[in-house]
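One file, data.txt, is given below (compact mmCIF, C-alpha atoms and all ligand atoms).
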```txt
# COMPACT_ATOMS: atom_id res chain seq x y z
CA MET Q 1 53.38 26.70 134.56
CA PHE Q 2 54.02 28.88 131.55
CA LYS Q 3 57.15 26.90 130.73
CA ARG Q 4 55.14 23.72 130.27
CA PHE Q 5 53.10 25.33 127.52
CA VAL Q 6 56.05 26.50 125.49
CA PRO Q 7 56.83 23.24 123.77
CA PHE Q 8 53.19 22.80 122.70
CA PHE Q 9 53.10 26.29 121.36
CA LEU Q 10 56.26 25.69 119.37
CA LEU Q 11 54.90 22.43 118.09
CA PHE Q 12 51.84 24.16 116.64
CA VAL Q 13 53.93 26.85 115.02
CA GLY Q 14 56.13 24.14 113.56
CA LEU Q 15 53.17 22.30 112.07
CA ALA Q 16 51.72 25.47 110.63
CA LEU Q 17 55.00 26.15 108.84
CA LEU Q 18 55.12 22.70 107.23
CA PRO Q 19 53.60 22.77 103.75
CA ALA Q 20 50.25 20.97 103.78
CA PRO Q 21 50.44 17.81 101.66
CA GLY Q 22 48.30 18.85 98.70
CA PRO Q 23 47.39 16.93 95.53
CA ALA Q 24 50.34 18.39 93.59
CA GLU Q 25 52.80 17.09 96.14
CA ASP Q 26 51.16 13.66 96.23
CA PHE Q 27 51.40 13.51 92.46
CA SER Q 28 55.09 14.34 92.29
CA ALA Q 29 55.74 11.69 94.97
CA LEU Q 30 53.84 9.21 92.80
CA VAL Q 31 55.88 10.11 89.73
CA LYS Q 32 59.08 9.67 91.75
CA ARG Q 33 57.92 6.19 92.72
CA CYS Q 34 57.63 5.25 89.05
CA GLU Q 35 60.99 6.84 88.29
CA ILE Q 36 62.79 4.62 90.83
CA CYS Q 37 62.44 1.80 88.32
CA HIS Q 38 61.57 3.50 85.03
CA GLY Q 39 64.28 6.15 85.27
CA GLN Q 40 64.17 9.91 85.32
CA ASN Q 41 61.30 11.19 83.16
CA GLY Q 42 60.50 7.58 82.32
CA ASN Q 43 63.73 6.85 80.46
CA SER Q 44 64.97 3.66 82.03
CA GLY Q 45 68.62 2.99 82.77
CA LEU Q 46 67.97 -0.69 83.55
CA PRO Q 47 67.64 -3.32 80.80
CA MET Q 48 64.72 -5.22 82.39
CA PHE Q 49 62.72 -2.07 83.10
CA PRO Q 50 61.09 -0.53 80.04
CA SER Q 51 61.26 3.15 79.21
CA ILE Q 52 57.79 4.65 79.47
CA ALA Q 53 58.48 8.24 78.38
CA GLY Q 54 56.74 9.54 75.29
CA PHE Q 55 54.11 6.80 74.95
CA SER Q 56 50.73 8.05 73.79
CA TYR Q 57 48.21 9.00 76.47
CA GLU Q 58 45.73 6.36 75.28
CA GLY Q 59 48.39 3.68 74.87
CA PHE Q 60 49.65 4.30 78.38
CA LEU Q 61 46.15 3.97 79.88
CA TYR Q 62 45.52 0.83 77.85
CA THR Q 63 48.73 -0.78 79.11
CA MET Q 64 48.00 0.08 82.73
CA ASP Q 65 44.53 -1.45 82.33
CA GLU Q 66 46.10 -4.65 81.01
CA TYR Q 67 48.00 -4.92 84.28
CA ARG Q 68 45.02 -3.89 86.39
CA GLU Q 69 42.81 -6.50 84.73
CA ASN Q 70 45.48 -9.19 85.07
CA ARG Q 71 45.76 -9.75 81.32
CA ARG Q 72 49.46 -9.18 81.44
CA ILE Q 73 52.05 -11.07 83.43
CA ALA Q 74 54.82 -9.01 84.97
CA ILE Q 75 58.21 -9.97 86.35
CA GLU Q 76 58.69 -9.86 90.10
CA PHE Q 77 61.41 -7.65 91.39
CA GLN Q 78 62.75 -6.39 94.63
CA GLN Q 79 64.50 -3.21 95.55
CA PRO Q 80 66.73 -2.71 98.56
CA ASN Q 81 64.59 -2.44 101.73
CA GLU Q 82 61.36 -2.88 99.78
CA PRO Q 83 59.03 -5.85 99.61
CA GLU Q 84 58.94 -7.86 96.40
CA THR Q 85 56.41 -6.43 93.98
CA VAL Q 86 55.07 -6.70 90.44
CA MET Q 87 53.73 -4.08 88.04
CA ILE Q 88 50.25 -5.62 88.48
CA ASN Q 89 50.17 -4.68 92.18
CA ILE Q 90 51.42 -1.20 91.44
CA ALA Q 91 48.75 -0.63 88.78
CA GLN Q 92 45.96 -2.02 90.95
CA GLN Q 93 46.78 0.46 93.72
CA LEU Q 94 46.27 3.46 91.45
CA SER Q 95 43.00 5.36 91.11
CA ASP Q 96 41.59 6.35 87.71
CA ALA Q 97 42.58 9.94 88.46
CA ASP Q 98 46.17 8.88 89.27
CA LEU Q 99 46.34 6.91 86.04
CA LYS Q 100 45.10 9.80 83.93
CA GLY Q 101 47.58 12.13 85.62
CA LEU Q 102 50.44 9.69 85.03
CA ALA Q 103 49.40 9.10 81.40
CA ASN Q 104 49.38 12.84 80.87
CA TYR Q 105 52.73 13.30 82.60
CA PHE Q 106 54.69 10.49 80.94
CA SER Q 107 53.19 11.03 77.47
CA LYS Q 108 54.66 14.55 77.57
CA ARG Q 109 58.20 13.42 78.50
CA LYS Q 110 60.74 13.01 75.73
CA TYR Q 111 61.52 9.39 74.87
CA ILE Q 112 65.27 8.76 74.63
CA PRO Q 113 66.06 5.63 72.57
CA ARG Q 114 68.63 3.43 74.33
CA SER Q 115 71.82 3.08 72.40
CA GLN Q 116 72.58 -0.63 72.32
CA ALA Q 117 74.89 -2.95 70.41
CA PHE Q 118 73.29 -4.72 67.43
CA ASP Q 119 74.27 -6.98 64.54
CA PRO Q 120 73.85 -4.95 61.29
CA GLU Q 121 73.06 -8.02 59.18
CA LEU Q 122 70.36 -9.23 61.54
CA ALA Q 123 69.03 -5.68 61.83
CA SER Q 124 68.56 -5.35 58.07
CA ARG Q 125 66.74 -8.68 57.97
CA GLY Q 126 64.62 -7.42 60.87
CA ALA Q 127 63.81 -4.24 58.93
CA ILE Q 128 62.24 -6.31 56.14
CA LEU Q 129 60.26 -8.44 58.61
CA HIS Q 130 59.05 -5.34 60.42
CA GLU Q 131 57.91 -3.74 57.17
CA SER Q 132 55.87 -6.74 56.08
CA HIS Q 133 54.45 -7.94 59.44
CA CYS Q 134 54.50 -5.12 61.98
CA GLU Q 135 54.55 -1.67 60.36
CA ARG Q 136 50.79 -1.70 59.85
CA CYS Q 137 50.32 -1.27 63.59
CA HIS Q 138 53.75 -0.19 64.90
CA LEU Q 139 54.18 2.86 62.66
CA GLN Q 140 57.43 4.51 61.52
CA ASN Q 141 59.58 1.49 62.43
CA GLY Q 142 58.04 1.33 65.89
CA THR Q 143 59.00 4.88 66.79
CA GLU Q 144 55.60 6.56 66.50
CA PRO Q 145 53.63 7.02 69.74
CA ALA Q 146 50.58 8.26 67.81
CA ASP Q 147 49.72 4.65 66.90
CA ASP Q 148 48.83 4.15 70.61
CA LYS Q 149 51.14 1.11 70.77
CA PRO Q 150 54.23 0.74 72.96
CA ILE Q 151 57.33 2.26 71.33
CA LEU Q 152 59.57 -0.59 70.15
CA ALA Q 153 62.50 1.26 68.55
CA GLY Q 154 65.24 1.96 71.08
CA GLN Q 155 63.43 0.08 73.85
CA TRP Q 156 65.67 -2.16 75.97
CA THR Q 157 66.36 -5.42 74.08
CA PRO Q 158 66.34 -7.73 77.17
CA TYR Q 159 62.92 -6.31 78.13
CA LEU Q 160 61.54 -6.76 74.61
CA ARG Q 161 62.96 -10.29 74.35
CA LEU Q 162 61.04 -11.24 77.49
CA GLN Q 163 57.84 -9.70 76.09
CA PHE Q 164 58.15 -11.79 72.90
CA LYS Q 165 58.53 -14.87 75.06
CA ASN Q 166 55.54 -13.98 77.24
CA ILE Q 167 53.32 -13.17 74.28
CA LEU Q 168 54.27 -16.35 72.39
CA SER Q 169 53.75 -18.57 75.44
CA GLY Q 170 50.34 -16.96 76.03
CA LYS Q 171 51.34 -15.57 79.44
CA ARG Q 172 50.77 -12.07 78.15
CA LEU Q 173 47.48 -11.72 76.32
CA VAL Q 174 47.46 -9.43 73.29
CA SER Q 175 45.04 -9.00 70.40
CA ARG Q 176 44.74 -12.08 68.22
CA ARG Q 177 45.84 -10.13 65.14
CA MET Q 178 49.09 -9.31 66.87
CA SER Q 179 49.77 -12.77 68.31
CA ASN Q 180 48.93 -14.40 64.95
CA ARG Q 181 51.63 -12.30 63.34
CA LEU Q 182 54.16 -13.27 65.97
CA LYS Q 183 53.33 -16.97 65.70
CA LYS Q 184 54.38 -16.89 62.03
CA LEU Q 185 57.91 -16.00 63.10
CA ASN Q 186 60.70 -18.35 64.17
CA GLN Q 187 63.30 -17.63 66.84
CA GLU Q 188 65.76 -16.28 64.27
CA ASP Q 189 63.15 -13.84 62.94
CA ILE Q 190 62.57 -12.60 66.47
CA GLU Q 191 66.29 -12.06 67.03
CA ALA Q 192 66.41 -10.18 63.71
CA LEU Q 193 63.54 -7.94 64.84
CA LEU Q 194 65.20 -7.33 68.22
CA ASN Q 195 68.40 -6.28 66.45
CA PHE Q 196 66.38 -4.05 64.16
CA TYR Q 197 64.62 -2.27 67.05
CA ALA Q 198 67.99 -1.81 68.79
CA SER Q 199 69.32 -0.20 65.59
CA VAL Q 200 66.56 2.40 65.13
CA ASN Q 201 66.70 5.67 67.00
C1 LIG S 301 59.86 -1.53 91.46
C2 LIG S 301 59.96 -1.26 90.04
C3 LIG S 301 58.81 -0.57 89.31
C4 LIG S 301 58.07 0.49 89.75
C5 LIG S 301 58.15 1.22 91.07
C6 LIG S 301 57.15 0.80 88.66
N1 LIG S 301 57.34 -0.05 87.61
FE1 LIG S 301 56.34 -0.04 85.85
N2 LIG S 301 57.33 -1.71 85.24
C7 LIG S 301 58.31 -2.35 85.95
C8 LIG S 301 58.72 -3.54 85.25
C9 LIG S 301 59.77 -4.54 85.70
C10 LIG S 301 57.94 -3.60 84.06
C11 LIG S 301 57.94 -4.69 83.01
C12 LIG S 301 57.01 -5.76 83.56
C13 LIG S 301 56.82 -6.93 82.66
O1 LIG S 301 56.06 -6.81 81.71
O2 LIG S 301 57.42 -7.96 82.94
C14 LIG S 301 57.09 -2.41 84.09
C15 LIG S 301 56.20 -2.07 83.07
C16 LIG S 301 55.51 -0.88 83.00
C17 LIG S 301 54.76 -0.41 81.85
C18 LIG S 301 54.61 -1.13 80.53
C19 LIG S 301 55.59 -0.59 79.49
C20 LIG S 301 55.47 -1.23 78.13
O3 LIG S 301 56.35 -0.99 77.29
O4 LIG S 301 54.53 -1.97 77.87
C21 LIG S 301 54.21 0.79 82.19
C22 LIG S 301 53.33 1.68 81.33
C23 LIG S 301 54.62 1.08 83.57
N3 LIG S 301 55.42 0.05 84.02
C24 LIG S 301 54.27 2.21 84.27
C25 LIG S 301 54.60 2.45 85.62
C26 LIG S 301 54.12 3.57 86.39
C27 LIG S 301 53.19 4.64 85.87
C28 LIG S 301 54.66 3.46 87.64
C29 LIG S 301 54.44 4.35 88.86
C30 LIG S 301 53.09 4.41 89.35
C31 LIG S 301 55.48 2.27 87.64
N4 LIG S 301 55.43 1.69 86.39
C32 LIG S 301 56.23 1.83 88.72
C33 LIG S 301 58.85 -1.92 87.17
C34 LIG S 301 58.34 -0.91 87.97
C1 LIG S 302 47.13 -5.68 64.44
C2 LIG S 302 48.07 -4.72 65.04
C3 LIG S 302 49.45 -5.24 65.42
C4 LIG S 302 50.36 -5.90 64.61
C5 LIG S 302 50.21 -6.30 63.15
C6 LIG S 302 51.53 -6.08 65.44
N1 LIG S 302 51.34 -5.57 66.69
FE1 LIG S 302 52.67 -5.58 68.24
N2 LIG S 302 51.30 -4.74 69.46
C7 LIG S 302 50.02 -4.37 69.08
C8 LIG S 302 49.31 -3.90 70.25
C9 LIG S 302 47.87 -3.42 70.27
C10 LIG S 302 50.22 -3.98 71.34
C11 LIG S 302 49.94 -3.67 72.80
C12 LIG S 302 49.44 -4.98 73.31
C13 LIG S 302 48.95 -5.05 74.69
O1 LIG S 302 49.63 -4.61 75.62
O2 LIG S 302 47.89 -5.65 74.84
C14 LIG S 302 51.45 -4.53 70.81
C15 LIG S 302 52.58 -4.79 71.57
C16 LIG S 302 53.77 -5.30 71.09
C17 LIG S 302 54.93 -5.60 71.89
C18 LIG S 302 55.09 -5.37 73.39
C19 LIG S 302 55.88 -4.11 73.60
C20 LIG S 302 55.96 -3.63 75.01
O3 LIG S 302 56.67 -2.63 75.26
O4 LIG S 302 55.33 -4.17 75.89
C21 LIG S 302 55.88 -6.10 71.05
C22 LIG S 302 57.28 -6.57 71.41
C23 LIG S 302 55.30 -6.12 69.73
N3 LIG S 302 54.02 -5.63 69.78
C24 LIG S 302 55.96 -6.55 68.59
C25 LIG S 302 55.35 -6.71 67.35
C26 LIG S 302 56.03 -7.26 66.20
C27 LIG S 302 57.48 -7.66 66.16
C28 LIG S 302 55.11 -7.31 65.20
C29 LIG S 302 55.30 -7.85 63.80
C30 LIG S 302 55.80 -9.21 63.71
C31 LIG S 302 53.86 -6.79 65.71
N4 LIG S 302 54.05 -6.44 67.02
C32 LIG S 302 52.69 -6.69 64.98
C33 LIG S 302 49.49 -4.45 67.81
C34 LIG S 302 50.07 -5.06 66.73
```
Let me see the structure of the file written as structure tokens.
Ligand code: HEC
Ligand code: HEC
Amino acid sequence: MFKRFVPFFLLFVGLALLPAPGPAEDFSALVKRCEICHGQNGNSGLPMFPSIAGFSYEGFLYTMDEYRENRRIAIEFQQPNEPETVMINIAQQLSDADLKGLANYFSKRKYIPRSQAFDPELASRGAILHESHCERCHLQNGTEPADDKPILAGQWTPYLRLQFKNILSGKRLVSRRMSNRLKKLNQEDIEALLNFYASVN
């Protein structure tokens, strides 16, 4: 009779020894989920996944809202053994408290500009275009998080190229002042800007 109780007893002891899943643990699991794609501390190692480290708190929340409210298209992707997903689904599953926690966490991580090949001639043309069309909002050559805009300098070029395409085709909605600026540019100007942002770090 006694013997039959032993396993139950052990089971309860075992459960008591397991750390209770508290909010802190949930949060670090959430961060790890983001880091699968966005890289450790939000510095992405993959050209189609943007780095998200070091963005401003407000800018981060704004961006996540754009996904939540479906104002921003996002590429579909699939990871081994995972269903296909898009950033919109991920954002819509997060609570306001999660989002504030993530904004706080990633805004405090150090942004590491990606070192990428660039054409120096195009980059210097891009520098002039940036100064006259973009610097007003994307401060310090697109390096300054305090402007509450996404960091452009040292962001992955393939990711940025896709964003230009999505903004210009109207698939990604941005403020009219921003899209009006972009519409004044031709494809060569955009390539020059991309080379410029790859050159700044
Ligand atoms: C399975 C991969 C994946 C996961 C997991 C993921 N993301 Fe993303 N994320 C992406 C991709 C891809 C994009 C670019 C989407 C696009 O605009 O096409 C993106 C874009 C973003 C952006 C916009 C960056 C910018 O420069 O505008 C933010 C912010 C972001 N993700 C935050 C998060 C957070 C926070 C988490 C965790 C809760 C997360 N992501 C989880 C793949 C992922
Ligand atoms: C009036 C202010 C303003 C001007 C001028 C402006 N932008 Fe922006 N830009 C923004 C804002 C705000 C966002 C965030 C948009 C959003 O997600 O809704 C943004 C986002 C972007 C993004 C997306 C980055 C990412 O990681 O998702 C790119 C690329 C960009 N801007 C490039 C440019 C370039 C190049 C110029 C100059 C030709 C420019 N912008 C001029 C305000 C501006």
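When all atoms listed in the file are used to measure the gap to ligand LIG 301 (chain S), the shortest distance among Q:Leu194, Q:Leu160, Q:Leu122, Q:Ala117 belongs to Q:Leu160.
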### Task
Give as a PyMOL selection string the residues surrounding ligand LIG 302 (chain S) up to a distance of 6 Å, considering only C-alpha atoms and all ligand atoms.
chain Q and resi 63+130+133-134+136-137+149-150+160+163-164+174+177-178+181-182
### Task
Determine the nearest neighbour of ligand LIG 301 (chain S) from the options Q:Leu162, Q:Glu121, Q:Asp96, Q:Gly54, counting all atoms listed in the file.
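Of Q:Leu162, Q:Glu121, Q:Asp96, Q:Gly54, the one nearest ligand LIG 301 (chain S), counting all atoms listed in the file, is Q:Leu162.
The two atoms in question, atom CA of Ser115 of chain Q and atom CA of Asn195 of chain Q, are spaced 11.6 Å apart.
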Counting all atoms listed in the file, which residues in chain Q sit no more than 8 Å from ligand LIG 301 (chain S)? For each one, give the nearest pair of atoms and the distance in Å, sorted by chain then residue number, as CSV.
```
residue,atom,partner,partner_atom,distance
Q:Leu30,CA,S:LIG301,C30,6.0
Q:Val31,CA,S:LIG301,C29,6.0
Q:Lys32,CA,S:LIG301,C29,7.6
Q:Arg33,CA,S:LIG301,C5,5.2
Q:Cys34,CA,S:LIG301,C29,3.3
Q:Glu35,CA,S:LIG301,C5,6.9
Q:Ile36,CA,S:LIG301,C5,5.8
Q:Cys37,CA,S:LIG301,C2,4.3
Q:His38,CA,S:LIG301,N1,6.1
Q:Met48,CA,S:LIG301,C9,6.0
Q:Phe49,CA,S:LIG301,C9,4.6
Q:Pro50,CA,S:LIG301,O3,5.5
Q:Ser51,CA,S:LIG301,O3,6.7
Q:Ile52,CA,S:LIG301,C22,5.7
Q:Phe60,CA,S:LIG301,C22,5.4
Q:Leu61,CA,S:LIG301,C22,7.7
Q:Thr63,CA,S:LIG301,C22,5.7
Q:Met64,CA,S:LIG301,C22,5.7
Q:Arg72,CA,S:LIG301,O1,7.0
Q:Ile73,CA,S:LIG301,O1,6.1
Q:Ala74,CA,S:LIG301,O2,3.5
Q:Ile75,CA,S:LIG301,O2,4.0
Q:Glu76,CA,S:LIG301,C9,7.0
Q:Phe77,CA,S:LIG301,C1,6.3
Q:Gln78,CA,S:LIG301,C1,6.5
Q:Gln79,CA,S:LIG301,C1,6.4
Q:Thr85,CA,S:LIG301,C1,6.5
Q:Val86,CA,S:LIG301,C33,6.9
Q:Met87,CA,S:LIG301,N2,5.1
Q:Ile90,CA,S:LIG301,C30,6.2
Q:Ala91,CA,S:LIG301,C30,6.7
Q:Leu94,CA,S:LIG301,C30,7.2
Q:Leu99,CA,S:LIG301,C27,7.2
Q:Leu102,CA,S:LIG301,C27,5.8
Q:Ala103,CA,S:LIG301,C27,7.4
Q:Phe106,CA,S:LIG301,C27,7.8
Q:Pro150,CA,S:LIG301,O3,5.1
Q:Ile151,CA,S:LIG301,O3,6.9
Q:Leu152,CA,S:LIG301,O3,7.8
Q:Gln155,CA,S:LIG301,O3,7.9
Q:Tyr159,CA,S:LIG301,C11,7.2
Q:Leu162,CA,S:LIG301,O2,7.3
Q:Gln163,CA,S:LIG301,O1,6.6
```
### Test item: residues at most 7 Å from segment 107-114 of chain Q, all atoms listed in the file, excluding those fewer than 2 positions along its chain, as a PyMOL selection string
chain Q and resi 41+43+53-57+103-105+116+153-156+201
Select, counting all atoms listed in the file, all protein, DNA and RNA residues no farther than 8 Å from (66.8, 1.0, 63.2) in file coordinates, and express the selection as a short mmCIF file (atom, residue, chain, number, x, y, z; two decimals) with C-alpha atoms, in the frame of the given file.
```cif
data_model
loop_
_atom_site.label_atom_id
_atom_site.label_comp_id
_atom_site.auth_asym_id
_atom_site.auth_seq_id
_atom_site.Cartn_x
_atom_site.Cartn_y
_atom_site.Cartn_z
CA ALA Q 123 69.03 -5.68 61.83
CA ALA Q 127 63.81 -4.24 58.93
CA ASN Q 141 59.58 1.49 62.43
CA ALA Q 153 62.50 1.26 68.55
CA PHE Q 196 66.38 -4.05 64.16
CA TYR Q 197 64.62 -2.27 67.05
CA ALA Q 198 67.99 -1.81 68.79
CA SER Q 199 69.32 -0.20 65.59
CA VAL Q 200 66.56 2.40 65.13
CA ASN Q 201 66.70 5.67 67.00
#
```
### Task
Please indicate the distance in Å from atom CA of Pro120 of chain Q to atom CA of Glu191 of chain Q, rounded to one decimal place.
11.9 Å
### Message
So the first atom is atom CA of Tyr62 of chain Q and the second is atom CA of Thr143 of chain Q; what is the distance between them in Å, to one decimal place?
### Response
17.9 Å
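Compared by their closest atoms to Gly170 of chain Q, and using all atoms listed in the file, the residues Q:Phe118, Q:Leu139, Q:Glu188, Q:Arg71 rank with Q:Arg71 nearest.
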Could you work out an axis-aligned box for segment 119-125 of chain Q, taking every atom the file lists and adding 8 Å on each side, and report centre and edge lengths in Å to one decimal, as JSON?
```
{"center_x": 70.5, "center_y": -7.1, "center_z": 61.3, "size_x": 23.5, "size_y": 20.3, "size_z": 22.6}
```
